[in-house]
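Novice: Dropping the structure in here first, questions after.
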Amino acid sequence: MARTATPARRAPDRRAARRGPATAEVSRASAWTRYARLAFLIPAVLYVLFAFAVPIVYNLILSFEQTSPATISSLFAPFAGLSNYKATLIQPVTQSAIARTFIFTAGSLFFQFIIGFSLALLFNLRFPLRRLARSLIIIPWLLPLLITGFIFRFLFQAEAGAINQILGDLHLISHPIGFLTSPGWAFLAILIANVWIGIPFFTVLLYSALQDVPVELKEAAMIDGANGWQRLIRVTLPIIRPVIEVVFVLGFVFTVKVFDVVIGLTQGGPANSTQILAPWAYQLSFQQFDYGQGAALNTILLVIALVAAPVYIWLNRESLRRT
Amino acid sequence: MSRQRRFTGPLAALGALVALVILLFPLYAVIVASFENNSQLLGTHYNFLPPTPSFANYSAVISAQGGHIASTLVIGLGTAILTLVIAVPAAHALARYRFRVTGLLVGGLLIAQILPSIVIANSLFILYHKLHLLNSYPGLILADASYAIPFSILVLRAFMLGLPNDVLQAARVDGASEWKTFLRVVLPMSRSAVITVAVFAFLNGWGDFIFALTLLSGSTFEPLTLSIYSYIGEFSSNLGEAMALCVFGLLPAAMLLIAAQRYIAAGLTVGSVKG
């Protein structure tokens with residue numbers, strides 16, 4: 001009894017003792033540590049608010065305001081309801097820019113995938129200097145996009161343009177094509193330039209996925225009598241599917257917001273035939289000084305881009321779960 | 001199988017060569033063009049080699065655009081430094097500690113990568129007008145870092161999640177503060193990822209066009225992309241110089257690719273697939 005009584009009596013004392021100086025120090029340290037840990041994050045949180053959250057919200061506000069060059073000096077302008085959206089969407093240029101953005105995106109992704117995947121399969125074979133070849137292929141990805149657009153403008157010139165010259169030398173055409181002056185060809189020109197930019201991205205990512213396909217699986221399929229095509233469709237593609245999904249989602253996101261290439265190559269012309277969403281929104285805001293309409297079109301572009309967000313987050317669920 | 005190898009090797013090499021010639025032709029073309037004069041560039045046919053190679057375009061560009069090249073360097077370096085200062089500590093915190101907001105923040109960064117820059121630029125133009133940040137280096141660098149910061153935090157975090165936990169634990173047991181653990185242990189161990197991220201941030205700042213176009217107007221400095229843009233208006237009058245300026249614009253990408261080659265391919269893969 002005495003034994004049990006003693007601890008019972010002492011217990012509060014011990015707890016009190018622990019809650020004394022020692023405990024206070026621990027809890028003070030952990031609060032301090034918690035603040036120290038938060039301090040690592042604070043600059044990033046402030047930056048995300050400054051560079052993403054505030055501009056997106058402000059763009060939304062702007063799209064519902066009656067703006068004019070005079071209202072820029074004050075942050076807010078009179079409420080305009082949906083008039084900016086109506087005024088933008090009623091314009092034939094906007095309608096065709098939206099449709100063209102989808103065609104441009106689908107076309108870019110299709111050719112980028114076909115060419116990028118073929119190159120990835122090619123680089124997956126053994127051949128001399130393949131490491132050099134692989135690093136050279138990254139170059140188009142790293143160049144300033146405006147410069148790429150400008151270089152293609154030079155290549156697509158009528159008479160002195162390299163592409164017309166090559167097509168002529170191969171006797172594929174008898175007269176130079178007006179890539180920059182005829183609407184249909186100009187659209188093809190921005191598509192080709194954009195496919196060129198995207199090929200390295202598709203190649204590098206798909207190649208690294210191919211590297212992770214276990215050789216034993218391919219050998220097993222080979223022993224089972226599967227030919228090269230069957231091994232590709234039945235073994236390789238299912239294994240690398242997650243990477244293909246990521247590549248398409250990111251490719252979609254990169255392509256719907258293309259701006260620099262179009263400005264460098266055609267500035268949306270001739271006759272707005274290469275106008276897609278981002279350059280057209282720029283033109284509304286900064287050349288026609290209708291910030292409200294520009295903001296409305298930006299919101300539409302934003303909504304289209306954000307369609308990819310749930311898919312992208314779902315594909316990254318692993319990295320979110322590690323929290 | 002070995003006979004098959006013997007055939008596929010050279011064939012694959014040939015295929016890769018053809019692909020590279022086609023893919024790298026625009027770069028070859030711009031270098032050749034930078035050594036030609038205007039009448040050759042705008043004549044009746046395309047020259048695969050410069051008929052009378054000359055450095056005239058380069059000397060003209062260096063004297064007329066030297067200041068712009070320096071400005072672009074400042075913008076690129078500023079973007080890289082700002083990105084590292086913000087992204088490295090944040091990535092460390094998101095990889096190492098549990099916060100209630102971790103999931104929200106990582107999700108937010110994934111979405112931030114998706115947001116079109118033109119939307120941000122449109123708003124920043126008016127906000128900067130109020131904040132007096134138009135036509136300034138700090139304003140432009142803050143905007144340019146928006147390309148790199150979400151990507152950098154995600155890449156660095158993915159990398160840091162892979163660091164061995166026991167080393168960090170040991171540092172903590174030895175009594176190192178959070179800050180010291182970060183500086184003396186985490187940072188040196190993450191060197192390769194930090195280099196990748198810095199290279200990308202630099203290239204983003206160096207090659208930015210949207211923010212320069214919208215947030216600078218009549219400013220005292222201008223980056224190369226804006227100078228090249230102004231050549232579009234006078235396409236026929238100074239094409240040779242524009243081409244030489246393009247070569248300058250391409251140089252850092254090419255140089256950094258050679259210098260940091262192994263970091264780049266690895267970083268791109270991690271960032272996009274395992275971000």
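Chain identifiers are assigned as A, B, and so on, following the order in which chains appear in the structure tokens; residues are numbered from 1 within each chain, and ligands are numbered from 1 in order of appearance.
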Give me the residues near Asp290 (chain A) as JSON, numbers by chain, where near means some atom within 10 Å (using only C-alpha atoms) and where sequence neighbours in that chain fewer than 2 positions away do not count.
Specialist: {"A": [66, 67, 68, 69, 84, 281, 282, 283, 284, 285, 286, 287, 288, 292, 293, 294, 295]}
Novice: Save out the residues we just selected, C-alpha atoms, as a tab-separated table (two decimals), in the first residue's frame.
Specialist:
chain	number	residue	atom	x	y	z
A	66	GLN	CA	-14.96	49.52	-67.60
A	67	THR	CA	-11.32	50.35	-68.30
A	68	SER	CA	-9.78	53.02	-70.46
A	69	PRO	CA	-6.23	54.35	-70.76
A	84	ASN	CA	-15.88	43.02	-71.68
A	281	ALA	CA	-4.98	39.15	-75.57
A	282	TYR	CA	-1.73	41.12	-75.61
A	283	GLN	CA	-2.87	43.08	-78.63
A	284	LEU	CA	-6.21	43.94	-77.03
A	285	SER	CA	-4.52	45.20	-73.85
A	286	PHE	CA	-1.35	46.81	-75.08
A	287	GLN	CA	-2.03	47.88	-78.63
A	288	GLN	CA	-5.73	48.70	-78.50
A	292	GLY	CA	-10.75	45.15	-69.71
A	293	GLN	CA	-11.21	43.18	-72.91
A	294	GLY	CA	-7.65	41.93	-72.72
A	295	ALA	CA	-8.29	40.77	-69.17
Novice: Residues at most 12 Å from Ser177 (chain B), counting only C-alpha atoms, excluding those fewer than 5 positions away in the same chain, as a list in words?
Specialist: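 Once the adjacent positions are removed, what remains is Ala29, Ser30, Trp32, Thr33, Arg34, Ala36 and Arg37 of chain A; Leu168, Gln169, Ala170, Ala171, Arg172, Phe182, Leu183, Arg184 and Val185 of chain B.
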Novice: Which residues of chain B are close to chain A, meaning at most 7 Å apart when you count only C-alpha atoms, and how do they look as a ChimeraX atom specification?
Specialist: /B:9-10,12-13,20,26,30,41-46,86-87,89-90,93,98,102-103,106-107,110-112,114-116,118-120,123-124,126,143,146,178,207-209,225,229,246,250,253-254,269,273,275
Novice: Take the residues just selected and output them with N, CA and C atoms as a tab-separated table (two decimals), in the first residue's frame.
Specialist:
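Written file, result.tsv:
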chain	number	residue	atom	x	y	z
B	9	GLY	N	23.24	-0.51	-85.21
B	9	GLY	CA	24.13	0.55	-84.74
B	9	GLY	C	24.34	1.64	-85.78
B	10	PRO	N	24.97	1.30	-86.91
B	10	PRO	CA	25.22	2.31	-87.94
B	10	PRO	C	23.93	2.93	-88.49
B	12	ALA	N	21.09	3.37	-86.89
B	12	ALA	CA	20.59	4.31	-85.89
B	12	ALA	C	21.44	5.58	-85.90
B	13	ALA	N	22.75	5.41	-86.04
B	13	ALA	CA	23.64	6.58	-86.08
B	13	ALA	C	23.28	7.45	-87.27
B	20	LEU	N	19.42	15.20	-86.52
B	20	LEU	CA	20.15	16.34	-85.97
B	20	LEU	C	20.38	17.42	-87.02
B	26	PRO	N	18.21	25.35	-88.31
B	26	PRO	CA	17.96	26.78	-88.03
B	26	PRO	C	19.12	27.46	-87.33
B	30	VAL	N	21.30	30.63	-88.85
B	30	VAL	CA	21.44	31.95	-88.23
B	30	VAL	C	22.91	32.32	-88.10
B	41	LEU	N	21.36	38.61	-97.80
B	41	LEU	CA	20.30	37.98	-97.01
B	41	LEU	C	18.92	38.17	-97.63
B	42	LEU	N	18.78	39.25	-98.40
B	42	LEU	CA	17.45	39.55	-98.95
B	42	LEU	C	17.43	39.41	-100.47
B	43	GLY	N	18.43	38.70	-101.01
B	43	GLY	CA	18.53	38.57	-102.47
B	43	GLY	C	17.51	37.62	-103.06
B	44	THR	N	17.86	37.04	-104.20
B	44	THR	CA	16.90	36.19	-104.90
B	44	THR	C	17.03	34.72	-104.51
B	45	HIS	N	18.07	34.39	-103.76
B	45	HIS	CA	18.19	33.00	-103.32
B	45	HIS	C	18.86	32.94	-101.97
B	46	TYR	N	18.75	31.75	-101.34
B	46	TYR	CA	19.34	31.53	-100.02
B	46	TYR	C	20.78	31.04	-100.19
B	86	ILE	N	14.80	32.32	-52.95
B	86	ILE	CA	13.43	31.98	-52.55
B	86	ILE	C	13.20	30.47	-52.58
B	87	ALA	N	13.72	29.82	-53.62
B	87	ALA	CA	13.32	28.42	-53.86
B	87	ALA	C	14.07	27.42	-52.99
B	89	PRO	N	15.51	27.52	-49.82
B	89	PRO	CA	14.99	27.31	-48.45
B	89	PRO	C	13.58	26.72	-48.45
B	90	ALA	N	12.73	27.19	-49.37
B	90	ALA	CA	11.35	26.69	-49.41
B	90	ALA	C	11.33	25.20	-49.71
B	93	ALA	N	12.31	23.27	-46.64
B	93	ALA	CA	11.24	23.19	-45.65
B	93	ALA	C	10.15	22.22	-46.09
B	98	ARG	N	6.98	18.85	-41.67
B	98	ARG	CA	5.56	18.70	-41.94
B	98	ARG	C	4.84	19.97	-41.53
B	102	THR	N	1.57	22.09	-46.28
B	102	THR	CA	2.48	21.54	-47.29
B	102	THR	C	1.75	21.10	-48.56
B	103	GLY	N	0.70	20.31	-48.37
B	103	GLY	CA	-0.04	19.80	-49.52
B	103	GLY	C	-0.62	20.94	-50.35
B	106	VAL	N	2.29	22.71	-52.28
B	106	VAL	CA	2.80	21.95	-53.42
B	106	VAL	C	1.77	21.96	-54.55
B	107	GLY	N	0.50	21.80	-54.18
B	107	GLY	CA	-0.56	21.88	-55.19
B	107	GLY	C	-0.58	23.26	-55.84
B	110	LEU	N	2.19	23.56	-58.33
B	110	LEU	CA	1.88	22.84	-59.57
B	110	LEU	C	0.98	23.69	-60.45
B	111	ILE	N	-0.01	24.34	-59.83
B	111	ILE	CA	-0.93	25.18	-60.60
B	111	ILE	C	-0.21	26.42	-61.12
B	112	ALA	N	0.67	27.00	-60.28
B	112	ALA	CA	1.40	28.20	-60.70
B	112	ALA	C	2.19	27.94	-61.99
B	114	ILE	N	1.26	26.28	-64.39
B	114	ILE	CA	0.32	26.21	-65.51
B	114	ILE	C	-0.11	27.59	-65.96
B	115	LEU	N	-0.09	28.58	-65.05
B	115	LEU	CA	-0.65	29.89	-65.35
B	115	LEU	C	0.10	30.57	-66.50
B	116	PRO	N	-0.64	31.07	-67.50
B	116	PRO	CA	0.01	31.73	-68.64
B	116	PRO	C	0.63	33.07	-68.22
B	118	ILE	N	1.15	35.69	-69.90
B	118	ILE	CA	0.51	36.89	-70.43
B	118	ILE	C	-0.57	37.39	-69.46
B	119	VAL	N	-1.22	36.47	-68.74
B	119	VAL	CA	-2.24	36.86	-67.76
B	119	VAL	C	-1.57	37.64	-66.63
B	120	ILE	N	-0.44	37.11	-66.16
B	120	ILE	CA	0.28	37.77	-65.08
B	120	ILE	C	0.80	39.13	-65.54
B	123	SER	N	-1.81	42.00	-65.59
B	123	SER	CA	-2.10	42.56	-64.27
B	123	SER	C	-0.91	43.32	-63.71
B	124	LEU	N	0.28	42.71	-63.85
B	124	LEU	CA	1.46	43.35	-63.26
B	124	LEU	C	1.70	44.73	-63.87
B	126	ILE	N	-0.41	47.02	-64.64
B	126	ILE	CA	-1.17	48.04	-63.93
B	126	ILE	C	-0.73	48.14	-62.47
B	143	ALA	N	9.29	39.72	-61.92
B	143	ALA	CA	8.35	39.09	-62.84
B	143	ALA	C	8.99	37.88	-63.53
B	146	SER	N	9.04	34.42	-62.07
B	146	SER	CA	7.81	33.63	-62.02
B	146	SER	C	7.88	32.41	-62.94
B	178	GLU	N	18.48	24.70	-37.13
B	178	GLU	CA	17.80	24.43	-38.40
B	178	GLU	C	18.57	25.10	-39.56
B	207	GLY	N	16.09	34.94	-71.59
B	207	GLY	CA	15.26	34.81	-72.79
B	207	GLY	C	13.87	35.38	-72.66
B	208	ASP	N	13.56	35.95	-71.50
B	208	ASP	CA	12.20	36.46	-71.32
B	208	ASP	C	11.87	37.53	-72.35
B	209	PHE	N	10.66	37.46	-72.87
B	209	PHE	CA	10.20	38.48	-73.79
B	209	PHE	C	8.89	39.12	-73.30
B	225	THR	N	16.01	40.41	-76.23
B	225	THR	CA	14.78	40.01	-76.91
B	225	THR	C	14.03	41.23	-77.43
B	229	TYR	N	13.18	42.19	-81.22
B	229	TYR	CA	11.80	42.51	-81.59
B	229	TYR	C	11.74	43.81	-82.39
B	246	CYS	N	20.97	37.75	-82.72
B	246	CYS	CA	20.38	36.45	-82.37
B	246	CYS	C	21.46	35.48	-81.90
B	250	LEU	N	21.71	33.39	-78.42
B	250	LEU	CA	21.74	31.93	-78.31
B	250	LEU	C	22.94	31.44	-77.53
B	253	ALA	N	22.76	29.78	-73.82
B	253	ALA	CA	22.11	28.47	-73.79
B	253	ALA	C	23.10	27.41	-74.24
B	254	ALA	N	23.80	27.70	-75.33
B	254	ALA	CA	24.75	26.73	-75.86
B	254	ALA	C	25.90	26.50	-74.88
B	269	THR	N	14.26	16.04	-66.40
B	269	THR	CA	13.48	14.82	-66.23
B	269	THR	C	12.84	14.78	-64.86
B	273	VAL	N	8.72	14.94	-64.51
B	273	VAL	CA	8.07	13.66	-64.26
B	273	VAL	C	7.88	13.41	-62.78
B	275	GLY	N	8.27	15.81	-60.40
B	275	GLY	CA	8.08	17.06	-59.65
B	275	GLY	C	6.91	16.91	-58.69
Novice: From a DSSP calculation on the backbone, collect every residue of region 33-190 of chain B in alpha helix (DSSP H) and output the set as a PyMOL selection string.
Specialist: chain B and resi 33+38-41+56-96+102-114+117-131+137-161+165-173+178-180+187-189
Novice: Write the residues of the preceding selection, restricted to C-alpha atoms, as a JSON list (two decimals), in the first residue's frame.
Specialist:
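Saved file part-v7.json follows:
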[["chain", "number", "residue", "atom", "x", "y", "z"],
["B", 33, "ALA", "CA", 23.44, 34.62, -91.89],
["B", 38, "ASN", "CA", 21.82, 42.68, -96.16],
["B", 39, "SER", "CA", 21.74, 42.36, -99.93],
["B", 40, "GLN", "CA", 22.91, 38.75, -99.66],
["B", 41, "LEU", "CA", 20.30, 37.98, -97.01],
["B", 56, "ALA", "CA", 30.81, 43.66, -89.95],
["B", 57, "ASN", "CA", 27.50, 42.66, -88.35],
["B", 58, "TYR", "CA", 29.23, 41.64, -85.14],
["B", 59, "SER", "CA", 31.21, 44.84, -84.80],
["B", 60, "ALA", "CA", 28.08, 46.86, -85.53],
["B", 61, "VAL", "CA", 26.09, 44.90, -82.95],
["B", 62, "ILE", "CA", 28.76, 45.12, -80.28],
["B", 63, "SER", "CA", 29.01, 48.88, -80.58],
["B", 64, "ALA", "CA", 25.25, 49.45, -80.89],
["B", 65, "GLN", "CA", 23.92, 46.70, -78.62],
["B", 66, "GLY", "CA", 26.74, 46.09, -76.15],
["B", 67, "GLY", "CA", 24.77, 47.81, -73.41],
["B", 68, "HIS", "CA", 21.72, 45.65, -74.11],
["B", 69, "ILE", "CA", 23.82, 42.50, -73.85],
["B", 70, "ALA", "CA", 25.05, 43.69, -70.45],
["B", 71, "SER", "CA", 21.48, 44.47, -69.33],
["B", 72, "THR", "CA", 20.34, 41.00, -70.37],
["B", 73, "LEU", "CA", 23.17, 39.52, -68.32],
["B", 74, "VAL", "CA", 22.06, 41.53, -65.28],
["B", 75, "ILE", "CA", 18.47, 40.34, -65.75],
["B", 76, "GLY", "CA", 19.53, 36.70, -66.14],
["B", 77, "LEU", "CA", 21.82, 36.76, -63.11],
["B", 78, "GLY", "CA", 19.25, 38.64, -61.04],
["B", 79, "THR", "CA", 16.59, 36.08, -61.92],
["B", 80, "ALA", "CA", 18.91, 33.21, -60.99],
["B", 81, "ILE", "CA", 19.86, 34.75, -57.64],
["B", 82, "LEU", "CA", 16.30, 35.66, -56.68],
["B", 83, "THR", "CA", 15.11, 32.18, -57.65],
["B", 84, "LEU", "CA", 17.75, 30.48, -55.52],
["B", 85, "VAL", "CA", 17.15, 32.74, -52.52],
["B", 86, "ILE", "CA", 13.43, 31.98, -52.55],
["B", 87, "ALA", "CA", 13.32, 28.42, -53.86],
["B", 88, "VAL", "CA", 16.14, 26.61, -52.03],
["B", 89, "PRO", "CA", 14.99, 27.31, -48.45],
["B", 90, "ALA", "CA", 11.35, 26.69, -49.41],
["B", 91, "ALA", "CA", 12.20, 23.36, -51.02],
["B", 92, "HIS", "CA", 14.16, 22.36, -47.92],
["B", 93, "ALA", "CA", 11.24, 23.19, -45.65],
["B", 94, "LEU", "CA", 8.72, 21.40, -47.86],
["B", 95, "ALA", "CA", 10.91, 18.31, -48.10],
["B", 96, "ARG", "CA", 11.98, 18.08, -44.46],
["B", 102, "THR", "CA", 2.48, 21.54, -47.29],
["B", 103, "GLY", "CA", -0.04, 19.80, -49.52],
["B", 104, "LEU", "CA", -1.76, 23.07, -50.32],
["B", 105, "LEU", "CA", 1.54, 24.76, -51.20],
["B", 106, "VAL", "CA", 2.80, 21.95, -53.42],
["B", 107, "GLY", "CA", -0.56, 21.88, -55.19],
["B", 108, "GLY", "CA", -0.41, 25.67, -55.55],
["B", 109, "LEU", "CA", 3.06, 25.46, -57.09],
["B", 110, "LEU", "CA", 1.88, 22.84, -59.57],
["B", 111, "ILE", "CA", -0.93, 25.18, -60.60],
["B", 112, "ALA", "CA", 1.40, 28.20, -60.70],
["B", 113, "GLN", "CA", 3.44, 26.36, -63.36],
["B", 114, "ILE", "CA", 0.32, 26.21, -65.51],
["B", 117, "SER", "CA", 2.57, 34.54, -68.29],
["B", 118, "ILE", "CA", 0.51, 36.89, -70.43],
["B", 119, "VAL", "CA", -2.24, 36.86, -67.76],
["B", 120, "ILE", "CA", 0.28, 37.77, -65.08],
["B", 121, "ALA", "CA", 1.90, 40.41, -67.28],
["B", 122, "ASN", "CA", -1.40, 42.14, -68.00],
["B", 123, "SER", "CA", -2.10, 42.56, -64.27],
["B", 124, "LEU", "CA", 1.46, 43.35, -63.26],
["B", 125, "PHE", "CA", 1.57, 46.19, -65.79],
["B", 126, "ILE", "CA", -1.17, 48.04, -63.93],
["B", 127, "LEU", "CA", -0.01, 47.01, -60.45],
["B", 128, "TYR", "CA", 3.57, 48.06, -61.28],
["B", 129, "HIS", "CA", 2.27, 51.37, -62.49],
["B", 130, "LYS", "CA", 1.03, 51.98, -58.95],
["B", 131, "LEU", "CA", 4.10, 50.48, -57.27],
["B", 137, "TYR", "CA", 15.43, 45.99, -62.99],
["B", 138, "PRO", "CA", 13.85, 44.86, -59.70],
["B", 139, "GLY", "CA", 10.38, 44.89, -61.23],
["B", 140, "LEU", "CA", 11.43, 42.94, -64.30],
["B", 141, "ILE", "CA", 13.49, 40.42, -62.32],
["B", 142, "LEU", "CA", 10.61, 39.82, -59.88],
["B", 143, "ALA", "CA", 8.35, 39.09, -62.84],
["B", 144, "ASP", "CA", 10.91, 36.95, -64.70],
["B", 145, "ALA", "CA", 11.43, 34.75, -61.65],
["B", 146, "SER", "CA", 7.81, 33.63, -62.02],
["B", 147, "TYR", "CA", 8.92, 31.26, -64.78],
["B", 148, "ALA", "CA", 11.50, 29.58, -62.59],
["B", 149, "ILE", "CA", 10.38, 29.68, -58.96],
["B", 150, "PRO", "CA", 7.54, 27.11, -58.92],
["B", 151, "PHE", "CA", 9.52, 24.72, -61.11],
["B", 152, "SER", "CA", 12.65, 25.20, -58.99],
["B", 153, "ILE", "CA", 10.93, 24.56, -55.67],
["B", 154, "LEU", "CA", 9.35, 21.38, -57.03],
["B", 155, "VAL", "CA", 12.60, 20.09, -58.57],
["B", 156, "LEU", "CA", 14.66, 20.88, -55.48],
["B", 157, "ARG", "CA", 12.05, 19.37, -53.18],
["B", 158, "ALA", "CA", 11.94, 16.16, -55.23],
["B", 159, "PHE", "CA", 15.72, 16.02, -55.00],
["B", 160, "MET", "CA", 15.86, 16.79, -51.27],
["B", 161, "LEU", "CA", 13.25, 14.14, -50.48],
["B", 165, "ASN", "CA", 17.54, 11.18, -43.54],
["B", 166, "ASP", "CA", 20.13, 9.88, -41.07],
["B", 167, "VAL", "CA", 22.72, 12.48, -42.07],
["B", 168, "LEU", "CA", 20.27, 15.26, -41.29],
["B", 169, "GLN", "CA", 19.26, 13.52, -38.09],
["B", 170, "ALA", "CA", 22.93, 13.30, -37.07],
["B", 171, "ALA", "CA", 23.40, 17.01, -37.66],
["B", 172, "ARG", "CA", 20.41, 17.75, -35.48],
["B", 173, "VAL", "CA", 21.64, 15.46, -32.72],
["B", 178, "GLU", "CA", 17.80, 24.43, -38.40],
["B", 179, "TRP", "CA", 19.63, 27.13, -40.33],
["B", 180, "LYS", "CA", 23.05, 25.51, -39.87],
["B", 187, "LEU", "CA", 22.89, 22.76, -49.38],
["B", 188, "PRO", "CA", 26.20, 21.00, -50.18],
["B", 189, "MET", "CA", 24.39, 17.70, -50.69]]
Novice: Do you have the CA of Phe289 (chain A)-CA of Leu224 (chain B) distance handy?
Specialist: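 Result for CA of Phe289 (chain A) versus CA of Leu224 (chain B): 25.1 Å, one decimal.
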Novice: Record the distance separating CA of Ser190 (chain B) and CA of Asp212 (chain A), expressed in Å with one decimal.
Specialist: 23.5 Å
Novice: To one decimal place, how far is CA of Arg191 (chain B) from CA of Leu256 (chain B) in Å?
Specialist: 16.1 Å
Novice: A:Pro238, A:Gly149, A:Pro270, A:Pro92: which is nearest Ile190 (chain A), counting only C-alpha atoms?
Specialist: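 Using only C-alpha atoms, the shortest distance to Ile190 (chain A) belongs to A:Gly149.
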Novice: Give me the residues within 12 Å of Ser96 (chain A) as a CSV table (one decimal) with C-alpha atoms, in the first residue's frame, counting only C-alpha atoms and dropping any in the same chain fewer than 6 places off.
Specialist:
chain,number,residue,atom,x,y,z
A,88,THR,CA,-14.4,40.3,-76.9
A,89,LEU,CA,-16.3,37.2,-77.8
A,90,ILE,CA,-18.4,38.9,-80.4
A,102,PHE,CA,-7.2,24.4,-80.2
A,103,ILE,CA,-6.1,23.4,-83.7
A,104,PHE,CA,-2.6,24.8,-83.0
A,268,GLY,CA,-0.5,37.3,-85.6
A,271,ALA,CA,-4.8,39.5,-91.5
A,272,ASN,CA,-4.9,37.9,-88.1
A,273,SER,CA,-4.5,34.4,-89.6
A,274,THR,CA,-2.0,33.3,-87.0
A,275,GLN,CA,-3.7,35.0,-84.1
A,276,ILE,CA,-4.0,32.7,-81.1
A,277,LEU,CA,-5.2,33.5,-77.6
A,280,TRP,CA,-4.4,38.4,-79.3
